[in-house]
Amino acid sequence: MKYCFGIDIGGTTVKMGLFTVEGELLDKWEIKTRTEDGGKNVLPDIADSIKEVIESKKLAKEDVEGVGIGVPGPVKEDGTVLKCVNLGWGILNVEDELEKLIGYPVKAGNDANVAALGEMWQGGGKGHSNLVMVTLGTGVGGGIILNGKMLFGVNGAGGEIGHIHVTDSVDKPCNCGNTGCLEQVASATGVVYLANKKLASCDTPSVLRDGEVSAKSVFDAVKAGDAVAQEIAEEFGRYLGLACANIAGVVDPQVFVIGGGVSKAGKILFDYIEKYYKKYAFPSCKDAKFALATLGNDAGIYGAAKLML
């Protein structure tokens, strides 16, 4: 049997998985991300952990195809990371460095693009080779897969869909320095921003006035028929539907796979996103499907393994 490793580097933990080349996850574990000293321990720690697993499982060298790795920052097609703020890395070729440490081939990509590849391979996008993954978490991440391959772009910034400009109504800059980004109105924090703005501008009774406002409380209130929450969801859906329509006009995907914490609201999201998507999309692109991501936090390790293969 042939094996490969999938690695997903996060700011606090590194998720790791051992896979068969057919895509079966055999084992998964985590190690701490040691970001001190400019993140110099991150790759050696990963190498040590992989070696331990190879020894404990008694895997022959020729049975291991290699290691795929997702990194939280832009990664060029040759494996060069231009800057990785969360890890303290400057310019670094992750593929070359890790290959030296473990003696197996290594393939690296941006973590959001890699998660999209995972969802295409074994998740919500299975059966499709052209998809856009939209991750609605603290920010809005994205990954674009065309003909089964990740879109990197010149600077490794292909798929940074959270920074598409969708509105002039936001009054504070995004983390990227621009204002009116999708991330500011469609992430978990973006939904809270829209909710607080809506609650301040009207006096309609709403359950959202009774406790802490979160993306979850907003969509729970939507499901319960709360009128104010439905208006917030409407605005959220308009921005996200518009952004997806703009993306479709460029890459024309078969499916948009929606993941991240906000996606836990479930298919009710699509009621709000799809109508605006259909309203704004180029006619040939209107039939793109919307699906929920299914791999959760494991999308990154699945995608990293697939990237290697």
# chains A, B, ... in the order shown; residues from 1 in each chain; ligands from 1

call {"tool": "residues_around", "arguments": {"residues": "Glu62 (chain A)", "least_positions_apart": "4", "cutoff": "12 Å", "atoms": "only C-alpha atoms", "output": "PDB file with all heavy atoms, in the first residue's frame"}}
result
ATOM      1  N   MET A   1       0.836  -1.207   0.000  1.00  0.00           N
ATOM      2  CA  MET A   1       0.000   0.000   0.000  1.00  0.00           C
ATOM      3  C   MET A   1       0.866   1.250   0.000  1.00  0.00           C
ATOM      4  O   MET A   1       1.926   1.277   0.614  1.00  0.00           O
ATOM      5  CB  MET A   1      -0.910  -0.014   1.241  1.00  0.00           C
ATOM      6  CG  MET A   1      -2.025   1.022   1.182  1.00  0.00           C
ATOM      7  SD  MET A   1      -3.062   0.996   2.644  1.00  0.00           S
ATOM      8  CE  MET A   1      -4.158  -0.352   2.250  1.00  0.00           C
ATOM      9  N   LYS A   2       0.415   2.293  -0.705  1.00  0.00           N
ATOM     10  CA  LYS A   2       1.162   3.559  -0.764  1.00  0.00           C
ATOM     11  C   LYS A   2       0.506   4.600   0.145  1.00  0.00           C
ATOM     12  O   LYS A   2      -0.724   4.641   0.246  1.00  0.00           O
ATOM     13  CB  LYS A   2       1.183   4.098  -2.195  1.00  0.00           C
ATOM     14  CG  LYS A   2       1.914   3.187  -3.171  1.00  0.00           C
ATOM     15  CD  LYS A   2       3.412   3.415  -3.094  1.00  0.00           C
ATOM     16  CE  LYS A   2       4.129   2.681  -4.230  1.00  0.00           C
ATOM     17  NZ  LYS A   2       5.584   2.760  -4.072  1.00  0.00           N
ATOM     18  N   TYR A   3       1.339   5.445   0.747  1.00  0.00           N
ATOM     19  CA  TYR A   3       0.862   6.417   1.726  1.00  0.00           C
ATOM     20  C   TYR A   3       1.359   7.822   1.402  1.00  0.00           C
ATOM     21  O   TYR A   3       2.331   8.002   0.667  1.00  0.00           O
ATOM     22  CB  TYR A   3       1.381   6.053   3.131  1.00  0.00           C
ATOM     23  CG  TYR A   3       1.057   4.655   3.558  1.00  0.00           C
ATOM     24  CD1 TYR A   3       1.957   3.608   3.314  1.00  0.00           C
ATOM     25  CD2 TYR A   3      -0.144   4.357   4.197  1.00  0.00           C
ATOM     26  CE1 TYR A   3       1.661   2.310   3.697  1.00  0.00           C
ATOM     27  CE2 TYR A   3      -0.452   3.059   4.587  1.00  0.00           C
ATOM     28  CZ  TYR A   3       0.453   2.043   4.334  1.00  0.00           C
ATOM     29  OH  TYR A   3       0.155   0.758   4.700  1.00  0.00           O
ATOM     30  N   CYS A   4       0.700   8.823   1.998  1.00  0.00           N
ATOM     31  CA  CYS A   4       1.232  10.185   1.963  1.00  0.00           C
ATOM     32  C   CYS A   4       0.761  10.911   3.223  1.00  0.00           C
ATOM     33  O   CYS A   4      -0.180  10.468   3.900  1.00  0.00           O
ATOM     34  CB  CYS A   4       0.800  10.924   0.704  1.00  0.00           C
ATOM     35  SG  CYS A   4      -0.957  11.157   0.580  1.00  0.00           S
ATOM     36  N   ILE A  54       6.349   7.325  10.832  1.00  0.00           N
ATOM     37  CA  ILE A  54       6.897   6.353   9.873  1.00  0.00           C
ATOM     38  C   ILE A  54       7.545   5.190  10.618  1.00  0.00           C
ATOM     39  O   ILE A  54       7.360   4.022  10.259  1.00  0.00           O
ATOM     40  CB  ILE A  54       7.914   7.056   8.920  1.00  0.00           C
ATOM     41  CG1 ILE A  54       7.153   7.960   7.935  1.00  0.00           C
ATOM     42  CG2 ILE A  54       8.745   6.024   8.155  1.00  0.00           C
ATOM     43  CD1 ILE A  54       8.041   8.824   7.061  1.00  0.00           C
ATOM     44  N   LYS A  58       6.100   1.411  11.015  1.00  0.00           N
ATOM     45  CA  LYS A  58       7.016   0.577  10.224  1.00  0.00           C
ATOM     46  C   LYS A  58       6.752   0.699   8.709  1.00  0.00           C
ATOM     47  O   LYS A  58       6.594  -0.302   8.007  1.00  0.00           O
ATOM     48  CB  LYS A  58       6.945  -0.891  10.671  1.00  0.00           C
ATOM     49  CG  LYS A  58       7.332  -1.094  12.139  1.00  0.00           C
ATOM     50  CD  LYS A  58       7.382  -2.564  12.529  1.00  0.00           C
ATOM     51  CE  LYS A  58       7.996  -2.775  13.910  1.00  0.00           C
ATOM     52  NZ  LYS A  58       7.430  -1.945  14.988  1.00  0.00           N
ATOM     53  N   GLY A  66       5.131  11.068  -0.272  1.00  0.00           N
ATOM     54  CA  GLY A  66       5.626  12.402   0.071  1.00  0.00           C
ATOM     55  C   GLY A  66       4.699  13.111   1.039  1.00  0.00           C
ATOM     56  O   GLY A  66       3.809  12.501   1.650  1.00  0.00           O
ATOM     57  N   GLY A 103      13.673  14.073   3.624  1.00  0.00           N
ATOM     58  CA  GLY A 103      14.105  13.190   2.536  1.00  0.00           C
ATOM     59  C   GLY A 103      12.985  12.648   1.662  1.00  0.00           C
ATOM     60  O   GLY A 103      13.172  11.681   0.928  1.00  0.00           O
ATOM     61  N   TYR A 104      11.803  13.254   1.744  1.00  0.00           N
ATOM     62  CA  TYR A 104      10.678  12.880   0.869  1.00  0.00           C
ATOM     63  C   TYR A 104      10.257  14.098   0.063  1.00  0.00           C
ATOM     64  O   TYR A 104      10.459  15.232   0.506  1.00  0.00           O
ATOM     65  CB  TYR A 104       9.477  12.404   1.693  1.00  0.00           C
ATOM     66  CG  TYR A 104       9.684  11.083   2.400  1.00  0.00           C
ATOM     67  CD1 TYR A 104       9.986  11.049   3.757  1.00  0.00           C
ATOM     68  CD2 TYR A 104       9.556   9.875   1.708  1.00  0.00           C
ATOM     69  CE1 TYR A 104      10.182   9.842   4.413  1.00  0.00           C
ATOM     70  CE2 TYR A 104       9.753   8.663   2.352  1.00  0.00           C
ATOM     71  CZ  TYR A 104      10.063   8.649   3.709  1.00  0.00           C
ATOM     72  OH  TYR A 104      10.259   7.455   4.350  1.00  0.00           O
ATOM     73  N   PRO A 105       9.629  13.915  -1.099  1.00  0.00           N
ATOM     74  CA  PRO A 105       9.117  15.066  -1.847  1.00  0.00           C
ATOM     75  C   PRO A 105       8.071  15.838  -1.038  1.00  0.00           C
ATOM     76  O   PRO A 105       7.286  15.228  -0.295  1.00  0.00           O
ATOM     77  CB  PRO A 105       8.471  14.441  -3.082  1.00  0.00           C
ATOM     78  CG  PRO A 105       9.024  13.062  -3.175  1.00  0.00           C
ATOM     79  CD  PRO A 105       9.374  12.645  -1.776  1.00  0.00           C
TER      80      PRO A 105
END

call {"tool": "residues_around", "arguments": {"residues": "Gly190 (chain A)", "least_positions_apart": "2", "cutoff": "12 Å", "atoms": "only C-alpha atoms", "output": "ChimeraX atom specification"}}
result
/A:136-140,162,170,172,174,180-188,192-197,213-215,218,232-233,235-237,239-240,262

call {"tool": "residues_around", "arguments": {"residues": "Leu18 (chain A)", "least_positions_apart": "3", "cutoff": "10 Å", "atoms": "only C-alpha atoms", "output": "MDAnalysis selection string"}}
result
chainID A and resid 3:7 21 23:29 50 53:54 64 67 301:302 305

call {"tool": "select_by_dssp", "arguments": {"residues": "region 72-160 of chain A", "states": "helix (DSSP H, G or I)", "output": "list in words"}}
result
Val85, Asn86, Leu87, Val94, Glu95, Asp96, Glu97, Leu98, Glu99, Lys100, Leu101, Ile102, Asp111, Ala112, Asn113, Val114, Ala115, Ala116, Leu117, Gly118, Glu119, Met120, Trp121 and Gln122 of chain A

call {"tool": "write_last_selection", "arguments": {"atoms": "C-alpha atoms", "output": "short mmCIF file (atom, residue, chain, number, x, y, z; two decimals), in the first residue's frame"}}
result
data_model
loop_
_atom_site.label_atom_id
_atom_site.label_comp_id
_atom_site.auth_asym_id
_atom_site.auth_seq_id
_atom_site.Cartn_x
_atom_site.Cartn_y
_atom_site.Cartn_z
CA VAL A 85 2.85 36.83 9.70
CA ASN A 86 1.20 34.22 11.98
CA LEU A 87 4.31 32.02 11.92
CA VAL A 94 8.88 25.53 2.45
CA GLU A 95 9.21 22.67 -0.04
CA ASP A 96 13.03 22.81 -0.15
CA GLU A 97 13.44 23.25 3.61
CA LEU A 98 11.15 20.38 4.61
CA GLU A 99 12.53 18.08 1.89
CA LYS A 100 16.02 18.56 3.37
CA LEU A 101 14.71 17.58 6.82
CA ILE A 102 12.72 14.46 5.84
CA ASP A 111 -4.10 26.83 3.44
CA ALA A 112 -7.42 28.09 2.01
CA ASN A 113 -6.58 26.83 -1.50
CA VAL A 114 -5.48 23.52 -0.01
CA ALA A 115 -8.77 23.21 1.93
CA ALA A 116 -10.63 23.77 -1.35
CA LEU A 117 -8.64 20.93 -2.91
CA GLY A 118 -9.60 18.70 0.04
CA GLU A 119 -13.31 19.47 -0.39
CA MET A 120 -13.02 18.69 -4.11
CA TRP A 121 -11.28 15.37 -3.42
CA GLN A 122 -13.32 13.91 -0.55
#

call {"tool": "atom_distance", "arguments": {"atom1": "CA of Cys84 (chain A)", "atom2": "CA of Asp8 (chain A)"}}
result
13.8 Å

call {"tool": "atom_distance", "arguments": {"atom1": "CA of Glu231 (chain A)", "atom2": "CA of Ile258 (chain A)"}}
result
20.8 Å

call {"tool": "residues_around", "arguments": {"residues": "Cys285 (chain A)", "least_positions_apart": "3", "cutoff": "12 Å", "atoms": "only C-alpha atoms", "output": "compact mmCIF listing (two decimals) with N, CA and C atoms, in the first residue's frame"}}
result
# COMPACT_ATOMS: atom_id res chain seq x y z
N CYS A 244 -19.97 36.17 -5.21
CA CYS A 244 -19.91 34.88 -5.93
C CYS A 244 -20.22 35.07 -7.42
N ALA A 245 -21.17 35.96 -7.71
CA ALA A 245 -21.49 36.24 -9.12
C ALA A 245 -20.29 36.86 -9.84
N ASN A 246 -19.58 37.76 -9.16
CA ASN A 246 -18.38 38.37 -9.74
C ASN A 246 -17.30 37.32 -9.99
N ILE A 247 -17.13 36.43 -9.02
CA ILE A 247 -16.13 35.36 -9.16
C ILE A 247 -16.50 34.45 -10.33
N ALA A 248 -17.78 34.12 -10.43
CA ALA A 248 -18.24 33.21 -11.49
C ALA A 248 -17.97 33.79 -12.87
N GLY A 249 -18.09 35.12 -12.99
CA GLY A 249 -17.83 35.76 -14.27
C GLY A 249 -16.38 35.63 -14.71
N VAL A 250 -15.50 35.29 -13.77
CA VAL A 250 -14.08 35.12 -14.09
C VAL A 250 -13.71 33.64 -14.23
N VAL A 251 -14.17 32.79 -13.29
CA VAL A 251 -13.70 31.39 -13.32
C VAL A 251 -14.78 30.37 -13.69
N ASP A 252 -16.07 30.76 -13.69
CA ASP A 252 -17.16 29.89 -14.15
C ASP A 252 -17.12 28.49 -13.53
N PRO A 253 -17.30 28.38 -12.18
CA PRO A 253 -17.18 27.08 -11.53
C PRO A 253 -18.46 26.24 -11.64
N GLN A 254 -18.33 24.94 -11.37
CA GLN A 254 -19.51 24.07 -11.29
C GLN A 254 -20.24 24.28 -9.97
N VAL A 255 -19.45 24.52 -8.91
CA VAL A 255 -20.05 24.56 -7.58
C VAL A 255 -19.28 25.52 -6.67
N PHE A 256 -20.02 26.20 -5.79
CA PHE A 256 -19.44 26.98 -4.69
C PHE A 256 -19.61 26.14 -3.42
N TYR A 277 -27.20 35.67 -6.03
CA TYR A 277 -26.25 35.12 -7.01
C TYR A 277 -26.91 35.08 -8.39
N LYS A 278 -28.13 34.53 -8.43
CA LYS A 278 -28.84 34.41 -9.72
C LYS A 278 -29.18 35.79 -10.31
N LYS A 279 -29.44 36.74 -9.41
CA LYS A 279 -29.77 38.10 -9.87
C LYS A 279 -28.56 38.75 -10.56
N TYR A 280 -27.36 38.56 -10.01
CA TYR A 280 -26.19 39.29 -10.49
C TYR A 280 -25.31 38.51 -11.46
N ALA A 281 -25.45 37.18 -11.50
CA ALA A 281 -24.51 36.37 -12.29
C ALA A 281 -24.73 36.51 -13.79
N PHE A 282 -23.66 36.37 -14.55
CA PHE A 282 -23.71 36.32 -16.01
C PHE A 282 -24.59 35.12 -16.40
N ALA A 288 -24.65 27.50 -11.51
CA ALA A 288 -23.66 26.96 -10.56
C ALA A 288 -24.37 26.52 -9.29
N LYS A 289 -23.92 25.40 -8.73
CA LYS A 289 -24.56 24.86 -7.52
C LYS A 289 -23.89 25.43 -6.27

call {"tool": "closest_residue", "arguments": {"among": "A:Leu199, A:Ala47, A:Leu208, A:Leu151", "to": "Leu307 (chain A)", "atoms": "only C-alpha atoms"}}
result
A:Leu151

call {"tool": "atom_distance", "arguments": {"atom1": "CA of Met16 (chain A)", "atom2": "CA of Asp63 (chain A)"}}
result
18.0 Å

call {"tool": "closest_residue", "arguments": {"among": "A:Ala229, A:Leu82, A:Ile31, A:Ile268", "to": "Leu43 (chain A)", "atoms": "only C-alpha atoms"}}
result
A:Ile31

call {"tool": "select_by_dssp", "arguments": {"residues": "region 69-291 of chain A", "states": "strand (DSSP E or B)", "output": "VMD selection string"}}
result
chain A and resid 69 to 71 75 80 to 81 84 89 92 to 93 106 to 110 131 to 136 140 to 146 149 to 150 165 181 255 to 259 289 to 291

call {"tool": "closest_residue", "arguments": {"among": "A:Leu295, A:His128, A:Gly261, A:Trp89", "to": "Lys40 (chain A)", "atoms": "only C-alpha atoms"}}
result
A:Trp89

call {"tool": "closest_residue", "arguments": {"among": "A:Leu59, A:Leu146, A:Ala304, A:Leu269", "to": "Arg238 (chain A)", "atoms": "only C-alpha atoms"}}
result
A:Leu269

call {"tool": "decode", "arguments": {"residues": "region 218-232 of chain A", "atoms": "all heavy atoms", "output": "compact mmCIF listing (two decimals), in the first residue's frame"}}
result
# COMPACT_ATOMS: atom_id res chain seq x y z
N VAL A 218 -27.65 35.21 15.25
CA VAL A 218 -28.40 35.83 14.14
C VAL A 218 -29.12 34.74 13.32
O VAL A 218 -30.32 34.85 13.06
CB VAL A 218 -27.47 36.66 13.22
CG1 VAL A 218 -28.19 37.06 11.93
CG2 VAL A 218 -26.98 37.91 13.96
N PHE A 219 -28.40 33.69 12.93
CA PHE A 219 -29.04 32.67 12.09
C PHE A 219 -30.01 31.77 12.86
O PHE A 219 -30.98 31.28 12.30
CB PHE A 219 -27.98 31.88 11.31
CG PHE A 219 -27.47 32.66 10.13
CD1 PHE A 219 -26.24 33.30 10.17
CD2 PHE A 219 -28.25 32.81 8.99
CE1 PHE A 219 -25.79 34.07 9.09
CE2 PHE A 219 -27.82 33.56 7.90
CZ PHE A 219 -26.59 34.20 7.95
N ASP A 220 -29.79 31.62 14.18
CA ASP A 220 -30.80 30.94 15.01
C ASP A 220 -32.09 31.75 15.01
O ASP A 220 -33.20 31.20 14.92
CB ASP A 220 -30.29 30.75 16.45
CG ASP A 220 -29.26 29.63 16.56
OD1 ASP A 220 -29.11 28.85 15.59
OD2 ASP A 220 -28.60 29.54 17.62
N ALA A 221 -31.94 33.08 15.09
CA ALA A 221 -33.11 33.97 15.09
C ALA A 221 -33.79 33.96 13.72
O ALA A 221 -35.04 34.02 13.63
CB ALA A 221 -32.69 35.38 15.47
N VAL A 222 -33.02 33.84 12.66
CA VAL A 222 -33.59 33.72 11.30
C VAL A 222 -34.49 32.49 11.24
O VAL A 222 -35.64 32.55 10.77
CB VAL A 222 -32.47 33.61 10.23
CG1 VAL A 222 -33.05 33.22 8.88
CG2 VAL A 222 -31.72 34.94 10.10
N LYS A 223 -33.96 31.37 11.75
CA LYS A 223 -34.73 30.11 11.72
C LYS A 223 -36.00 30.21 12.56
O LYS A 223 -37.00 29.55 12.27
CB LYS A 223 -33.86 28.95 12.23
CG LYS A 223 -32.75 28.56 11.25
CD LYS A 223 -31.78 27.56 11.88
CE LYS A 223 -30.57 27.38 10.99
NZ LYS A 223 -29.49 26.64 11.65
N ALA A 224 -35.94 31.05 13.61
CA ALA A 224 -37.11 31.22 14.49
C ALA A 224 -38.10 32.26 13.94
O ALA A 224 -39.11 32.57 14.58
CB ALA A 224 -36.65 31.61 15.88
N GLY A 225 -37.79 32.85 12.77
CA GLY A 225 -38.71 33.78 12.14
C GLY A 225 -38.59 35.22 12.60
O GLY A 225 -39.50 36.03 12.40
N ASP A 226 -37.46 35.57 13.23
CA ASP A 226 -37.26 36.94 13.71
C ASP A 226 -37.07 37.89 12.52
O ASP A 226 -36.18 37.71 11.69
CB ASP A 226 -36.01 36.97 14.61
CG ASP A 226 -35.79 38.32 15.27
OD1 ASP A 226 -35.24 39.22 14.60
OD2 ASP A 226 -36.15 38.46 16.45
N ALA A 227 -37.91 38.93 12.44
CA ALA A 227 -37.92 39.81 11.26
C ALA A 227 -36.62 40.59 11.09
O ALA A 227 -36.10 40.74 9.98
CB ALA A 227 -39.09 40.78 11.35
N VAL A 228 -36.07 41.09 12.19
CA VAL A 228 -34.82 41.87 12.11
C VAL A 228 -33.67 40.96 11.66
O VAL A 228 -32.87 41.32 10.79
CB VAL A 228 -34.49 42.55 13.46
CG1 VAL A 228 -33.14 43.26 13.40
CG2 VAL A 228 -35.58 43.54 13.85
N ALA A 229 -33.61 39.76 12.22
CA ALA A 229 -32.55 38.80 11.85
C ALA A 229 -32.66 38.46 10.37
O ALA A 229 -31.64 38.34 9.67
CB ALA A 229 -32.66 37.54 12.70
N GLN A 230 -33.88 38.35 9.86
CA GLN A 230 -34.07 38.03 8.44
C GLN A 230 -33.57 39.18 7.55
O GLN A 230 -33.00 38.93 6.48
CB GLN A 230 -35.54 37.71 8.17
CG GLN A 230 -35.92 36.33 8.72
CD GLN A 230 -37.42 36.06 8.72
OE1 GLN A 230 -38.22 36.99 8.61
NE2 GLN A 230 -37.79 34.80 8.84
N GLU A 231 -33.74 40.41 8.01
CA GLU A 231 -33.22 41.55 7.24
C GLU A 231 -31.69 41.55 7.23
O GLU A 231 -31.06 41.88 6.22
CB GLU A 231 -33.73 42.87 7.84
CG GLU A 231 -35.20 43.16 7.51
CD GLU A 231 -35.68 44.46 8.15
OE1 GLU A 231 -34.90 45.43 8.21
OE2 GLU A 231 -36.84 44.49 8.62
N ILE A 232 -31.09 41.17 8.36
CA ILE A 232 -29.61 41.08 8.44
C ILE A 232 -29.12 39.99 7.49
O ILE A 232 -28.16 40.20 6.73
CB ILE A 232 -29.16 40.78 9.90
CG1 ILE A 232 -29.57 41.92 10.83
CG2 ILE A 232 -27.65 40.53 9.96
CD1 ILE A 232 -29.62 41.54 12.30
